file start.pdb (PDB, C-alpha atoms and all ligand atoms)
ATOM      1  CA  MET A  21      -6.476  23.911  15.432
ATOM      2  CA  GLU A  22      -3.921  21.192  14.626
ATOM      3  CA  ARG A  23      -3.655  20.510  10.901
ATOM      4  CA  THR A  24      -4.489  16.998   9.797
ATOM      5  CA  LEU A  25      -1.771  14.662   8.528
ATOM      6  CA  TYR A  26      -3.522  14.896   5.147
ATOM      7  CA  GLU A  27      -2.937  18.660   5.069
ATOM      8  CA  ARG A  28       0.634  18.418   6.350
ATOM      9  CA  LEU A  29       1.513  15.854   3.684
ATOM     10  CA  GLY A  30       0.346  18.365   1.077
ATOM     11  CA  GLY A  31      -3.171  17.146   0.253
ATOM     12  CA  ILE A  32      -4.398  14.995  -2.583
ATOM     13  CA  GLU A  33      -1.687  15.986  -5.086
ATOM     14  CA  ALA A  34       1.138  15.055  -2.732
ATOM     15  CA  ILE A  35      -0.577  11.795  -1.734
ATOM     16  CA  THR A  36      -1.103  10.912  -5.404
ATOM     17  CA  ALA A  37       2.599  11.542  -6.083
ATOM     18  CA  VAL A  38       3.564   9.311  -3.131
ATOM     19  CA  VAL A  39       1.297   6.460  -4.266
ATOM     20  CA  GLU A  40       2.489   6.626  -7.890
ATOM     21  CA  ASP A  41       6.179   6.611  -6.965
ATOM     22  CA  PHE A  42       5.580   3.820  -4.439
ATOM     23  CA  ARG A  43       3.580   1.753  -6.953
ATOM     24  CA  ASP A  44       6.365   2.002  -9.550
ATOM     25  CA  ARG A  45       8.991   1.134  -6.948
ATOM     26  CA  ALA A  46       6.992  -1.918  -5.816
ATOM     27  CA  ALA A  47       6.484  -3.027  -9.437
ATOM     28  CA  ALA A  48      10.258  -2.990  -9.953
ATOM     29  CA  ASP A  49      11.005  -4.799  -6.684
ATOM     30  CA  ASP A  50      11.553  -8.541  -7.154
ATOM     31  CA  ARG A  51      11.048  -9.065  -3.420
ATOM     32  CA  ILE A  52       7.315  -8.389  -3.869
ATOM     33  CA  ASN A  53       6.312  -7.906  -7.504
ATOM     34  CA  LEU A  54       5.224 -11.504  -8.197
ATOM     35  CA  LYS A  55       2.199 -10.824  -5.991
ATOM     36  CA  PHE A  56       0.910  -8.159  -8.400
ATOM     37  CA  ALA A  57       0.973 -10.462 -11.461
ATOM     38  CA  ARG A  58      -2.802 -10.513 -11.994
ATOM     39  CA  THR A  59      -3.764  -7.196 -10.402
ATOM     40  CA  ASP A  60      -5.492  -4.290 -12.123
ATOM     41  CA  ILE A  61      -2.947  -1.595 -11.325
ATOM     42  CA  ALA A  62      -5.354   1.287 -12.055
ATOM     43  CA  ARG A  63      -7.701  -0.042  -9.375
ATOM     44  CA  LEU A  64      -4.890  -0.572  -6.883
ATOM     45  CA  THR A  65      -3.575   2.959  -7.458
ATOM     46  CA  LYS A  66      -6.990   4.527  -6.874
ATOM     47  CA  MET A  67      -7.664   2.375  -3.813
ATOM     48  CA  LEU A  68      -4.322   3.272  -2.225
ATOM     49  CA  ILE A  69      -4.878   6.997  -2.814
ATOM     50  CA  ASP A  70      -8.395   6.848  -1.305
ATOM     51  CA  GLN A  71      -7.249   4.729   1.642
ATOM     52  CA  ILE A  72      -4.328   7.004   2.560
ATOM     53  CA  CYS A  73      -6.363  10.175   1.948
ATOM     54  CA  GLU A  74      -9.137   8.988   4.271
ATOM     55  CA  ALA A  75      -6.843   7.500   6.920
ATOM     56  CA  THR A  76      -4.871  10.754   7.217
ATOM     57  CA  GLY A  77      -7.988  12.879   7.707
ATOM     58  CA  GLY A  78      -8.650  13.912   4.116
ATOM     59  CA  PRO A  79     -11.987  14.203   2.290
ATOM     60  CA  CYS A  80     -11.825  10.877   0.354
ATOM     61  CA  ARG A  81     -13.786   7.723   1.160
ATOM     62  CA  TYR A  82     -12.144   4.315   0.663
ATOM     63  CA  GLY A  83     -14.525   1.969  -1.145
ATOM     64  CA  GLY A  84     -12.296  -1.089  -1.462
ATOM     65  CA  ARG A  85     -12.227  -4.333   0.458
ATOM     66  CA  SER A  86     -10.953  -4.754   4.010
ATOM     67  CA  MET A  87      -7.225  -5.449   4.279
ATOM     68  CA  LYS A  88      -7.975  -8.995   5.437
ATOM     69  CA  GLU A  89     -10.233  -9.727   2.458
ATOM     70  CA  ALA A  90      -8.024  -8.014  -0.121
ATOM     71  CA  HIS A  91      -4.905  -9.969   0.840
ATOM     72  CA  ALA A  92      -6.510 -13.320   1.718
ATOM     73  CA  GLY A  93      -4.885 -16.282  -0.008
ATOM     74  CA  MET A  94      -1.969 -14.201  -1.301
ATOM     75  CA  ASN A  95       0.514 -15.891   1.067
ATOM     76  CA  VAL A  96       2.267 -12.613   1.911
ATOM     77  CA  THR A  97       5.238 -13.268   4.217
ATOM     78  CA  LYS A  98       6.474 -11.073   7.056
ATOM     79  CA  GLY A  99       9.611 -10.428   4.976
ATOM     80  CA  GLU A 100       7.517  -9.252   2.014
ATOM     81  CA  PHE A 101       5.493  -6.914   4.206
ATOM     82  CA  ASP A 102       8.711  -5.387   5.534
ATOM     83  CA  ALA A 103      10.060  -5.061   1.963
ATOM     84  CA  LEU A 104       6.942  -3.118   0.952
ATOM     85  CA  VAL A 105       7.310  -0.775   3.934
ATOM     86  CA  ASN A 106      10.962  -0.352   2.947
ATOM     87  CA  ASP A 107       9.865   0.765  -0.549
ATOM     88  CA  LEU A 108       7.349   3.183   0.949
ATOM     89  CA  VAL A 109      10.032   4.733   3.166
ATOM     90  CA  ALA A 110      12.299   5.132   0.109
ATOM     91  CA  THR A 111       9.448   6.971  -1.647
ATOM     92  CA  LEU A 112       8.782   9.245   1.335
ATOM     93  CA  LYS A 113      12.491  10.142   1.488
ATOM     94  CA  GLN A 114      12.723  10.695  -2.248
ATOM     95  CA  LEU A 115       9.720  13.057  -2.157
ATOM     96  CA  LYS A 116      11.151  14.824   0.896
ATOM     97  CA  VAL A 117       8.276  14.108   3.260
ATOM     98  CA  PRO A 118       9.460  15.333   6.681
ATOM     99  CA  THR A 119      10.443  12.678   9.240
ATOM    100  CA  ALA A 120       7.538  13.449  11.612
ATOM    101  CA  GLU A 121       4.943  12.953   8.866
ATOM    102  CA  GLN A 122       6.749   9.804   7.639
ATOM    103  CA  GLY A 123       6.481   8.390  11.148
ATOM    104  CA  GLU A 124       2.801   9.263  11.471
ATOM    105  CA  LEU A 125       1.917   7.627   8.159
ATOM    106  CA  LEU A 126       3.854   4.463   9.032
ATOM    107  CA  ALA A 127       2.139   4.383  12.430
ATOM    108  CA  ILE A 128      -1.230   4.280  10.633
ATOM    109  CA  LEU A 129      -0.209   1.526   8.187
ATOM    110  CA  GLY A 130       1.960  -0.644  10.471
ATOM    111  CA  PRO A 131      -0.958  -1.983  12.549
ATOM    112  CA  LEU A 132      -2.502  -3.459   9.362
ATOM    113  CA  LYS A 133       0.316  -6.045   9.280
ATOM    114  CA  PRO A 134      -1.565  -8.878  11.054
ATOM    115  CA  ASP A 135      -4.450  -8.536   8.549
ATOM    116  CA  ILE A 136      -2.092  -8.808   5.557
ATOM    117  CA  VAL A 137       0.693 -11.245   6.530
ATOM    118  CA  GLU A 138      -0.285 -14.915   6.265
ATOM    119  CA  VAL A 139       3.153 -16.555   6.420
ATOM    120  CA  ASP A 140       5.458 -16.048   9.404
ATOM    121  CA  SER A 141       8.704 -16.160   7.436
ATOM    122  CA  ASN A 142      11.467 -13.747   6.390
ATOM    123  CA  GLU A 143      11.415 -15.157   2.862
ATOM    124  CA  VAL A 144      10.781 -12.661   0.026
ATOM    125  CA  GLY A 145       9.883 -13.088  -3.655
ATOM    126  CA  THR A 146       7.426 -15.896  -3.007
ATOM    127  CA  PRO A 147       4.897 -16.594  -5.787
ATOM    128  CA  LEU A 148       1.232 -15.637  -5.924
ATOM    129  CA  PRO A 149      -0.775 -18.833  -5.356
ATOM    130  CA  ASP A 150      -2.625 -20.050  -8.483
ATOM    131  CA  ALA A 151      -5.864 -20.062  -6.511
ATOM    132  CA  PHE A 152      -5.687 -16.320  -5.782
ATOM    133  CA  ARG A 153      -8.475 -14.440  -7.543
ATOM    134  CA  PRO A 154      -7.802 -10.705  -7.997
ATOM    135  CA  ALA A 155     -10.405  -7.991  -7.462
ATOM    136  CA  GLN A 156     -12.471  -6.888 -10.426
ATOM    137  CA  ALA A 157     -10.782  -4.262 -12.597
ATOM    138  CA  LEU A 158     -12.142  -0.728 -12.394
ATOM    139  CA  SER A 159     -14.766  -0.127 -15.051
ATOM    140  CA  THR A 160     -13.965   2.868 -17.197
TER
HETATM  141  C1  LIG J   1       0.422  -1.644   5.060
HETATM  142  C2  LIG J   1       0.600  -2.358   3.977
HETATM  143  C3  LIG J   1      -0.431  -2.481   2.893
HETATM  144  C4  LIG J   1      -1.495  -1.691   2.586
HETATM  145  C5  LIG J   1      -1.944  -0.414   3.276
HETATM  146  C6  LIG J   1      -2.150  -2.283   1.429
HETATM  147  C7  LIG J   1      -3.257  -1.745   0.825
HETATM  148  C8  LIG J   1      -3.955  -2.344  -0.214
HETATM  149  C9  LIG J   1      -5.175  -1.857  -0.794
HETATM  150  C10 LIG J   1      -5.917  -0.596  -0.369
HETATM  151  C11 LIG J   1      -5.536  -2.713  -1.764
HETATM  152  C12 LIG J   1      -6.766  -2.603  -2.692
HETATM  153  C13 LIG J   1      -7.922  -3.485  -2.220
HETATM  154  C14 LIG J   1      -9.048  -3.539  -3.233
HETATM  155  O1  LIG J   1      -8.796  -3.426  -4.445
HETATM  156  O2  LIG J   1     -10.213  -3.704  -2.807
HETATM  157  C15 LIG J   1      -4.516  -3.728  -1.839
HETATM  158  C16 LIG J   1      -4.456  -4.747  -2.739
HETATM  159  C17 LIG J   1      -3.343  -5.516  -2.966
HETATM  160  N1  LIG J   1      -2.243  -5.621  -2.150
HETATM  161 FE1  LIG J   1      -1.893  -4.563  -0.524
HETATM  162  N2  LIG J   1      -1.474  -3.406   1.066
HETATM  163  C18 LIG J   1      -0.417  -3.571   1.928
HETATM  164  C19 LIG J   1       0.519  -4.587   1.907
HETATM  165  C20 LIG J   1       0.691  -5.460   0.861
HETATM  166  C21 LIG J   1       1.792  -6.387   0.704
HETATM  167  C22 LIG J   1       2.913  -6.577   1.723
HETATM  168  C23 LIG J   1       1.618  -7.011  -0.486
HETATM  169  C24 LIG J   1       2.473  -8.048  -1.181
HETATM  170  C25 LIG J   1       3.749  -8.146  -1.071
HETATM  171  C26 LIG J   1       0.404  -6.490  -1.084
HETATM  172  C27 LIG J   1      -0.118  -6.871  -2.285
HETATM  173  C28 LIG J   1      -1.350  -6.482  -2.775
HETATM  174  C29 LIG J   1      -1.900  -6.950  -4.030
HETATM  175  C30 LIG J   1      -1.242  -7.917  -5.011
HETATM  176  C31 LIG J   1      -3.165  -6.344  -4.145
HETATM  177  C32 LIG J   1      -4.151  -6.500  -5.298
HETATM  178  C33 LIG J   1      -5.044  -7.685  -5.051
HETATM  179  C34 LIG J   1      -6.012  -7.900  -6.190
HETATM  180  O3  LIG J   1      -5.598  -7.782  -7.357
HETATM  181  O4  LIG J   1      -7.184  -8.184  -5.892
HETATM  182  N3  LIG J   1      -0.133  -5.559  -0.233
HETATM  183  N4  LIG J   1      -3.565  -3.487  -0.860
END
call {"tool": "encode", "arguments": {"input": "start.pdb", "output": "structure tokens", "more": "lines below"}}
Ligand code: HEM
result
Amino acid sequence: MERTLYERLGGIEAITAVVEDFRDRAAADDRINLKFARTDIARLTKMLIDQICEATGGPCRYGGRSMKEAHAGMNVTKGEFDALVNDLVATLKQLKVPTAEQGELLAILGPLKPDIVEVDSNEVGTPLPDAFRPAQALST
């Protein structure tokens, strides 16, 4: 039988490494990092791992909000979405994920764009609106 994308990426350890490198890259990227100003990064990290694990056929279950809900009122532009994808591609290259698997992962995430982008502009580095209320931090 065909192996799942989850298995071909290298399972939960490889996905965790991808998310952590990507998170740090996004945090250092002035094109998008203003949006994360009030976010609980531990929650975001866990949610991204669970989402990618589940979406690629792995054993995790994503328990976060829908992409529309999570990003509502954040005023993410088209340019900022593309910048984030650009950071993810840099991570996948850095961690030597093969091109076929890179393409498959991007094909899963790309279609989420209309649920996340609210502003049809190529502008980047736009602020997080004051009215945006972040998700509750993970309880420890
Ligand atoms: C395909 C692209 C994207 C995916 C798969 C994605 C995925 C996620 C996930 C799973 C969460 C967690 C939801 C929760 O905690 O319930 C989240 C939250 C968040 N995303 Fe995205 N996202 C994407 C694009 C973007 C972009 C382009 C930006 C901004 C430039 C962004 C900024 C944020 C921020 C700031 C949060 C935290 C919100 C909060 O604190 O409540 N995301 N995203």
call {"tool": "residues_around", "arguments": {"input": "start.pdb", "residues": "His91 (chain A)", "least_positions_apart": "4", "cutoff": "9 Å", "atoms": "all atoms listed in the file", "output": "MDAnalysis selection string"}}
result
chainID A and resid 86:87 95:96 135:138
call {"tool": "resolve_selection", "arguments": {"input": "start.pdb", "expression": "the PyMOL selection byres (((not hetatm)) within 7 of (chain J and resi 1))", "output": "ChimeraX atom specification"}}
result
/A:52-53,55-56,58-60,63-64,67-68,71,84-87,90-91,96,100-101,104-105,129-130,132-133,136,153-155
call {"tool": "atom_distance", "arguments": {"input": "start.pdb", "atom1": "CA of Asp44 (chain A)", "atom2": "CA of Val117 (chain A)"}}
result
17.7 Å
call {"tool": "atom_distance", "arguments": {"input": "start.pdb", "atom1": "CA of Ile35 (chain A)", "atom2": "CA of Ile72 (chain A)"}}
result
7.4 Å
call {"tool": "closest_residue", "arguments": {"input": "start.pdb", "among": "A:Leu158, A:Ile61, A:Ile69, A:Val109", "to": "Thr36 (chain A)", "atoms": "all atoms listed in the file"}}
result
A:Ile69
call {"tool": "closest_residue", "arguments": {"input": "start.pdb", "among": "A:Thr119, A:Asn142, A:Thr76, A:Thr97", "to": "Ile32 (chain A)", "atoms": "all atoms listed in the file"}}
result
A:Thr76
call {"tool": "closest_residue", "arguments": {"input": "start.pdb", "among": "A:Asn106, A:Ser141, A:Thr24, A:Thr111", "to": "Ala37 (chain A)", "atoms": "all atoms listed in the file"}}
result
A:Thr111
